[in-house]
Each structure stands twice: as structure tokens, then as C-alpha cells.
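These notes concern the structure reproduced below.
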Amino acid sequence: MNTEQQKSQLSILFADISGSTALYDKFGNELALHLVSRTLDVLKQEMARHQGTLIKTIGDEIMCTFASVTAAVNAARDMQMAMEEQDPVNGQHINVRIGVHCGDVIRESGDIFGDAVNVAARVTAITRARQILTTQTVVDQLSQELRKKARPVMRGELRGKEGTLSIFQIIWEKDDTMSTRIGMSAFRKPAEALSRHELLLRHRQQVLTINEKARSALLGRDETCNLMIQSKLASRQHALIEYNFGKFLLTDHSANGTYIRFSDGQVIQLNHQKIVLHGAGQISLGQSFSETPVEVVEYILQ
């Protein structure tokens, strides 16, 4: 094992904004990005109250760890209650979905890896808005009082995981009369979310695909970049696009910013910020679209 690697048992929590793509379509990119940031701040505050550790932010989702399943589940319940108390935006509430699992992980350079992380991510992928789902492994370690909040909802296979897992819903409302029914329709969208996705990038004669096998691409004018952009306004290593837990995340590392024009014509500028790419659009490194840039990268999710 690498000397920088440490193995330990942790509880892993993913909290994901439900329907974030629809927020961009409904409110526009600037307001949607603000709402996503505000929501992630609320989730991080609740995480910190329960002594959680933020591992990373993945666009519209946070991944964090806790020393115990009790802390993780209590944090998840408080996250949902905190979101319920948020004022709606133009009549619409922002909802989150949360998945929790525990097990052995490998810690390296501030990140964590291992089967337990993958299971936690896949549990989150089958979770609906305003729900908390977890596994038998977590429920078995809960106190008797917290175990009363767990309702068995299904037993099934998760993609990439051999065998079947028992999945439980954690009730977080003060009134526990909420229905725990899930039904097959609840898994239609998650099933799509678990299917294979690819991001196709095209610039002049260069074509690049990002997927589960080729998980990242560096854009910039340096010849070491995966997609080299010959523009004086582009930084040497301008922006990074990563495939992470089903999302394509673009991070700006540049001096002049990254401009993204979505298929509906809306444009957003990133300055050392991150955004989840959705649909199709164009990317300009360091030059606004109002200046009619020549060196434009086209992208499409397929």
C-alpha cells in the first residue's frame, strides 16, 4: 500500500440536489448556480454540526464522511429538515436526496476510494427527492431509537455490485406518518442515471470523448492538454472536465475565465468555479461569446 494511503472504516454520505438540470432550464444559469451554491452551503452547515468531513463537492452534490453511522444518519435527517425550512424560489422548493453507507475506505490525498464509496453513490442514485436511503449495514449499527426511523423498501441489485442489498428509507419528518412507498416508477429515473453516459467534445479537427473509461480531459493551449486550444486568451491549463459519479463537471482554473453557452442561448461565465454540464452547448476559453470567439469547443451529452 502506498505510504500516503490510509485504510479506515467510515460512514459515507452523498447529498444531491434533485432536478438541478431543471433549475437551469427554469431559472437560467446565474440564478440556478446561485441556488445550487446556497443549497450546498446549507448541507455543509448541517454536516459540520455533526462533525462531518467534506471530501469534495461534485457540481450539485456533496460527498462527506462521518466517524459513525449515527452521526451520518442524524446529519442526513437534519439536512432534509433544514431544506424544508428554506424559503421557496418563485414558488418552487429546492429538494435534495441523500444516500448513506458505511465500510472500509482508502484515504489518499484528501479523497476516499473503495467499494463502500461506490455503494453509497449508487444508493443515492436510486433515491427520490426528499428521501434518505441507506443499507442494512448502516441500519444494523444504529441505536434502537434511530432504528425505529428505518423502513425496509426494497431488496435488489445495484449496478456494479454483486449480489443483492437490502435498502431502507430513513424517516426524517417530525410526523412519521409519511408514506414510505417507493414503487417501480421511483426507479425509472435512477435507472437512467446509472446507464452509460458520454460527453463528446469537438474543436476543429479534434474530437474527444469522456466516459467511465476516459474520465477526464484538460483543456488549454499547452501541448500537454487533451484538447489543445490555440488562443492567446486561453491559459496553458485552462479548464478540467471530469466524469464523477454520473456527472460531467467543468472546473475553471484560468486567468480569463471560461464561458459556457447552453443550447437555449444562455451564457454563464466561470471564474475559478465549477458547473455540471448538461444537454449541449459551446465552451469558450477566456473570450466572451459577445466577442464572437473563433476557438470554440462544442459539447454534447449522449
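Simple scheme: letters A, B, ... for chains in C-alpha cells order, numbers from 1 for residues in each chain, numbers from 1 for ligands in the order shown.
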
Mind listing the helix (DSSP H, G or I) residues of segment 42-267 of chain A, per DSSP on the backbone, as a PyMOL selection string? chain A and resi 42-49+69-84+115-125+136-139+144-147+184-193

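By only C-alpha atoms, and with residues fewer than 3 positions from Ile55 of chain A along its chain excluded, the set lying at most 8 Å from it is Ile62, Met63, Cys64, Thr65, Gly110, Asp111 and Ile112 of chain A.
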
Serialized selection, C-alpha atoms, as a short mmCIF file (atom, residue, chain, number, x, y, z; two decimals), in the first residue's frame:
data_model
loop_
_atom_site.label_atom_id
_atom_site.label_comp_id
_atom_site.auth_asym_id
_atom_site.auth_seq_id
_atom_site.Cartn_x
_atom_site.Cartn_y
_atom_site.Cartn_z
CA ILE A 62 -21.51 16.89 -1.75
CA MET A 63 -19.66 13.82 -0.59
CA CYS A 64 -18.75 13.70 3.10
CA THR A 65 -17.77 11.23 5.79
CA GLY A 110 -7.82 14.16 0.78
CA ASP A 111 -10.06 11.80 -1.19
CA ILE A 112 -11.53 8.38 -0.39
#

Between A:Glu242, A:Glu295, A:Asp222, A:Asp60, which residue has the minimum interatomic distance to Ser20 of chain A, considering only C-alpha atoms? A:Asp60

Could you tell me how far atom CA of His272 of chain A sits from atom CA of Glu61 of chain A, in Å to one decimal place?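 Computing it gives 17.7 Å between the two atoms.
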
Picked from segment 6-240 of chain A by DSSP as strand (DSSP E or B), as a PyMOL selection string: chain A and resi 6-17+53-57+61-66+89+92+96-108+111-113+132-135+150-156+165-170+199-203+206-210+216-220+227-228+239-240

Shell of 9 Å around segment 277-294 of chain A, only C-alpha atoms, local chain residues under 4 positions omitted, as an mmCIF file with C-alpha atoms, in the first residue's frame:
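And here's around_12.cif as it stands now:
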data_model
loop_
_atom_site.group_PDB
_atom_site.id
_atom_site.type_symbol
_atom_site.label_atom_id
_atom_site.label_comp_id
_atom_site.auth_asym_id
_atom_site.auth_seq_id
_atom_site.Cartn_x
_atom_site.Cartn_y
_atom_site.Cartn_z
ATOM 1 C CA THR A 21 -30.827 20.438 -14.524
ATOM 2 C CA GLY A 59 -21.214 20.072 -9.025
ATOM 3 C CA LEU A 219 -8.425 21.989 -21.982
ATOM 4 C CA GLY A 220 -5.888 24.733 -22.682
ATOM 5 C CA ILE A 229 -6.845 25.422 -27.931
ATOM 6 C CA SER A 231 -5.836 31.134 -28.348
ATOM 7 C CA LYS A 232 -3.811 33.828 -26.600
ATOM 8 C CA LEU A 233 -6.673 34.278 -24.120
ATOM 9 C CA ALA A 234 -6.596 30.613 -23.101
ATOM 10 C CA SER A 235 -4.422 29.652 -20.140
ATOM 11 C CA HIS A 238 -7.353 26.407 -18.625
ATOM 12 C CA ALA A 239 -10.177 24.083 -17.574
ATOM 13 C CA LYS A 247 -21.866 13.855 -13.727
ATOM 14 C CA PHE A 248 -19.624 15.818 -16.079
ATOM 15 C CA LEU A 249 -18.061 18.580 -14.014
ATOM 16 C CA LEU A 250 -16.211 21.509 -15.596
ATOM 17 C CA SER A 254 -7.766 30.104 -15.778
ATOM 18 C CA ALA A 255 -6.814 33.757 -15.637
ATOM 19 C CA ASN A 256 -9.521 34.951 -18.067
ATOM 20 C CA GLY A 257 -12.424 32.685 -17.153
ATOM 21 C CA THR A 258 -14.430 30.081 -19.046
ATOM 22 C CA TYR A 259 -17.638 30.917 -20.909
ATOM 23 C CA ILE A 260 -20.346 28.306 -21.491
ATOM 24 C CA ARG A 261 -23.235 28.871 -23.892
ATOM 25 C CA PHE A 262 -26.020 26.333 -23.451
ATOM 26 C CA SER A 263 -28.331 25.166 -26.221
ATOM 27 C CA ASP A 264 -31.050 27.621 -25.120
ATOM 28 C CA GLY A 265 -28.673 30.532 -25.748
ATOM 29 C CA VAL A 267 -24.360 32.060 -21.210
ATOM 30 C CA GLN A 269 -19.033 32.774 -17.013
ATOM 31 C CA GLU A 298 -18.686 22.178 -28.852
ATOM 32 C CA TYR A 299 -20.012 19.620 -26.390
ATOM 33 C CA ILE A 300 -22.963 17.251 -26.248
ATOM 34 C CA LEU A 301 -24.047 14.643 -23.701
ATOM 35 C CA GLN A 302 -25.149 11.394 -25.261
#

Nearest to Val42 of chain A by atom-to-atom distance, counting only C-alpha atoms, from A:Asn95, A:Thr124, A:Gln237, A:Ser68: A:Asn95

Can you tell me, as number ranges by chain, what residues are no more than 9 Å from Leu23 of chain A when counting only C-alpha atoms, ignoring any on the same chain fewer than 3 positions away? A: 19-20, 26-29, 31-33, 35-36, 94

Nearest to His34 of chain A: which of A:Ile268, A:Ala214, A:Met47, A:Val297 is it, counting only C-alpha atoms?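 Looking only at the distances to His34 of chain A, the closest residue turns out to be A:Ile268.
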
Nearest to Ser11 of chain A: which of A:Glu212, A:Asp104, A:Asp115, A:Glu223 is it, counting only C-alpha atoms?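 Smallest separation from Ser11 of chain A among the options: A:Asp104.
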
For Ala76 of chain A, work out the shell of residues within 8 Å, counting only C-alpha atoms and skipping chain neighbours fewer than 6 positions away, then give it as a PyMOL selection string. chain A and resi 13+98+132

Would you write out those residues with C-alpha atoms, as an mmCIF file, in the first residue's frame?
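Everything below was put into part.cif:
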data_model
loop_
_atom_site.group_PDB
_atom_site.id
_atom_site.type_symbol
_atom_site.label_atom_id
_atom_site.label_comp_id
_atom_site.auth_asym_id
_atom_site.auth_seq_id
_atom_site.Cartn_x
_atom_site.Cartn_y
_atom_site.Cartn_z
ATOM 1 C CA LEU A 13 -22.938 10.380 2.813
ATOM 2 C CA ILE A 98 -29.364 11.564 0.341
ATOM 3 C CA ILE A 132 -32.833 9.316 2.667
#

Spatial neighbours of Asn118 of chain A, 12 Å, only C-alpha atoms, chain gap at least 4 places, as a JSON list (two decimals) with N, CA, C and O atoms, in the first residue's frame:
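See out_27.json below for the written result:
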[["chain", "number", "residue", "atom", "x", "y", "z"],
["A", 12, "ILE", "N", -20.22, 7.05, 4.83],
["A", 12, "ILE", "CA", -20.16, 7.93, 3.67],
["A", 12, "ILE", "C", -21.55, 8.45, 3.36],
["A", 12, "ILE", "O", -22.51, 7.67, 3.31],
["A", 13, "LEU", "N", -21.66, 9.74, 3.13],
["A", 13, "LEU", "CA", -22.94, 10.38, 2.81],
["A", 13, "LEU", "C", -22.80, 11.18, 1.53],
["A", 13, "LEU", "O", -21.88, 11.98, 1.38],
["A", 14, "PHE", "N", -23.70, 10.93, 0.59],
["A", 14, "PHE", "CA", -23.85, 11.75, -0.60],
["A", 14, "PHE", "C", -25.17, 12.51, -0.49],
["A", 14, "PHE", "O", -26.20, 11.90, -0.20],
["A", 63, "MET", "N", -20.05, 15.13, -1.09],
["A", 63, "MET", "CA", -19.66, 13.82, -0.59],
["A", 63, "MET", "C", -18.90, 14.07, 0.71],
["A", 63, "MET", "O", -17.94, 14.83, 0.75],
["A", 99, "GLY", "N", -28.00, 9.58, 0.21],
["A", 99, "GLY", "CA", -27.68, 8.17, 0.37],
["A", 99, "GLY", "C", -26.57, 8.00, 1.39],
["A", 99, "GLY", "O", -25.62, 8.80, 1.43],
["A", 100, "VAL", "N", -26.68, 6.96, 2.23],
["A", 100, "VAL", "CA", -25.69, 6.71, 3.29],
["A", 100, "VAL", "C", -25.28, 5.24, 3.27],
["A", 100, "VAL", "O", -26.12, 4.35, 3.15],
["A", 101, "HIS", "N", -24.00, 5.00, 3.39],
["A", 101, "HIS", "CA", -23.47, 3.64, 3.54],
["A", 101, "HIS", "C", -22.22, 3.72, 4.39],
["A", 101, "HIS", "O", -21.68, 4.82, 4.62],
["A", 102, "CYS", "N", -21.74, 2.60, 4.87],
["A", 102, "CYS", "CA", -20.52, 2.60, 5.67],
["A", 102, "CYS", "C", -19.67, 1.39, 5.30],
["A", 102, "CYS", "O", -20.16, 0.39, 4.78],
["A", 103, "GLY", "N", -18.39, 1.52, 5.57],
["A", 103, "GLY", "CA", -17.49, 0.41, 5.28],
["A", 103, "GLY", "C", -16.06, 0.89, 5.20],
["A", 103, "GLY", "O", -15.74, 2.04, 5.49],
["A", 104, "ASP", "N", -15.17, -0.03, 4.82],
["A", 104, "ASP", "CA", -13.75, 0.29, 4.71],
["A", 104, "ASP", "C", -13.49, 1.17, 3.49],
["A", 104, "ASP", "O", -14.03, 0.93, 2.41],
["A", 105, "VAL", "N", -12.69, 2.20, 3.69],
["A", 105, "VAL", "CA", -12.30, 3.07, 2.59],
["A", 105, "VAL", "C", -10.79, 3.27, 2.64],
["A", 105, "VAL", "O", -10.15, 3.07, 3.67],
["A", 112, "ILE", "N", -11.33, 9.75, -0.87],
["A", 112, "ILE", "CA", -11.53, 8.38, -0.39],
["A", 112, "ILE", "C", -11.96, 7.49, -1.55],
["A", 112, "ILE", "O", -12.61, 7.95, -2.49],
["A", 113, "PHE", "N", -11.59, 6.22, -1.46],
["A", 113, "PHE", "CA", -11.87, 5.27, -2.52],
["A", 113, "PHE", "C", -12.28, 3.94, -1.89],
["A", 113, "PHE", "O", -12.04, 3.69, -0.72],
["A", 114, "GLY", "N", -12.91, 3.11, -2.70],
["A", 114, "GLY", "CA", -13.26, 1.78, -2.23],
["A", 114, "GLY", "C", -14.70, 1.40, -2.54],
["A", 114, "GLY", "O", -15.51, 2.21, -2.99],
["A", 122, "ARG", "N", -24.25, 4.69, -5.43],
["A", 122, "ARG", "CA", -25.33, 4.01, -6.15],
["A", 122, "ARG", "C", -26.63, 4.00, -5.36],
["A", 122, "ARG", "O", -27.72, 4.02, -5.93],
["A", 123, "VAL", "N", -26.54, 3.96, -4.04],
["A", 123, "VAL", "CA", -27.74, 4.09, -3.21],
["A", 123, "VAL", "C", -28.35, 5.47, -3.43],
["A", 123, "VAL", "O", -29.58, 5.62, -3.57],
["A", 124, "THR", "N", -27.51, 6.50, -3.49],
["A", 124, "THR", "CA", -28.01, 7.85, -3.73],
["A", 124, "THR", "C", -28.69, 7.95, -5.09],
["A", 124, "THR", "O", -29.70, 8.64, -5.24],
["A", 125, "ALA", "N", -28.16, 7.23, -6.08],
["A", 125, "ALA", "CA", -28.71, 7.30, -7.43],
["A", 125, "ALA", "C", -30.13, 6.73, -7.52],
["A", 125, "ALA", "O", -30.87, 7.08, -8.43],
["A", 158, "LEU", "N", -27.59, -3.55, -7.25],
["A", 158, "LEU", "CA", -27.09, -2.25, -7.67],
["A", 158, "LEU", "C", -26.04, -2.47, -8.73],
["A", 158, "LEU", "O", -25.23, -3.40, -8.63],
["A", 159, "ARG", "N", -26.05, -1.61, -9.75],
["A", 159, "ARG", "CA", -25.13, -1.75, -10.86],
["A", 159, "ARG", "C", -23.69, -1.79, -10.36],
["A", 159, "ARG", "O", -23.27, -0.95, -9.56],
["A", 160, "GLY", "N", -22.93, -2.78, -10.83],
["A", 160, "GLY", "CA", -21.53, -2.89, -10.45],
["A", 160, "GLY", "C", -21.32, -3.58, -9.12],
["A", 160, "GLY", "O", -20.19, -3.70, -8.67],
["A", 161, "LYS", "N", -22.40, -4.04, -8.49],
["A", 161, "LYS", "CA", -22.29, -4.69, -7.19],
["A", 161, "LYS", "C", -22.87, -6.09, -7.27],
["A", 161, "LYS", "O", -24.03, -6.28, -7.65],
["A", 194, "LEU", "N", -28.07, 5.58, -13.95],
["A", 194, "LEU", "CA", -26.99, 4.62, -13.82],
["A", 194, "LEU", "C", -26.52, 4.08, -15.17],
["A", 194, "LEU", "O", -25.58, 3.30, -15.24],
["A", 244, "ASN", "N", -17.59, 12.18, -12.89],
["A", 244, "ASN", "CA", -17.55, 11.80, -11.49],
["A", 244, "ASN", "C", -18.94, 11.43, -11.02],
["A", 244, "ASN", "O", -19.84, 12.28, -10.99],
["A", 245, "PHE", "N", -19.14, 10.16, -10.67],
["A", 245, "PHE", "CA", -20.42, 9.67, -10.17],
["A", 245, "PHE", "C", -21.59, 10.10, -11.05],
["A", 245, "PHE", "O", -22.60, 10.63, -10.60],
["A", 246, "GLY", "N", -21.43, 9.87, -12.36],
["A", 246, "GLY", "CA", -22.52, 10.12, -13.29],
["A", 246, "GLY", "C", -22.66, 11.55, -13.76],
["A", 246, "GLY", "O", -23.57, 11.87, -14.54]]

Top pick for closest residue to Ala72 of chain A, considering A:Asn90, A:Gln141, A:Ser166, A:Thr209 and counting only C-alpha atoms: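 Selected residue with least distance to Ala72 of chain A: A:Gln141.
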
Excluding same-chain residues fewer than 5 positions from Arg151 of chain A, what lies within 9 Å of it counting only C-alpha atoms, as a PyMOL selection string? chain A and resi 167-171+180

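Shortest atom-to-atom contact with Ile241 of chain A among A:Gln86, A:Asn211, A:Gln6, A:Gln80: A:Asn211, counting only C-alpha atoms.
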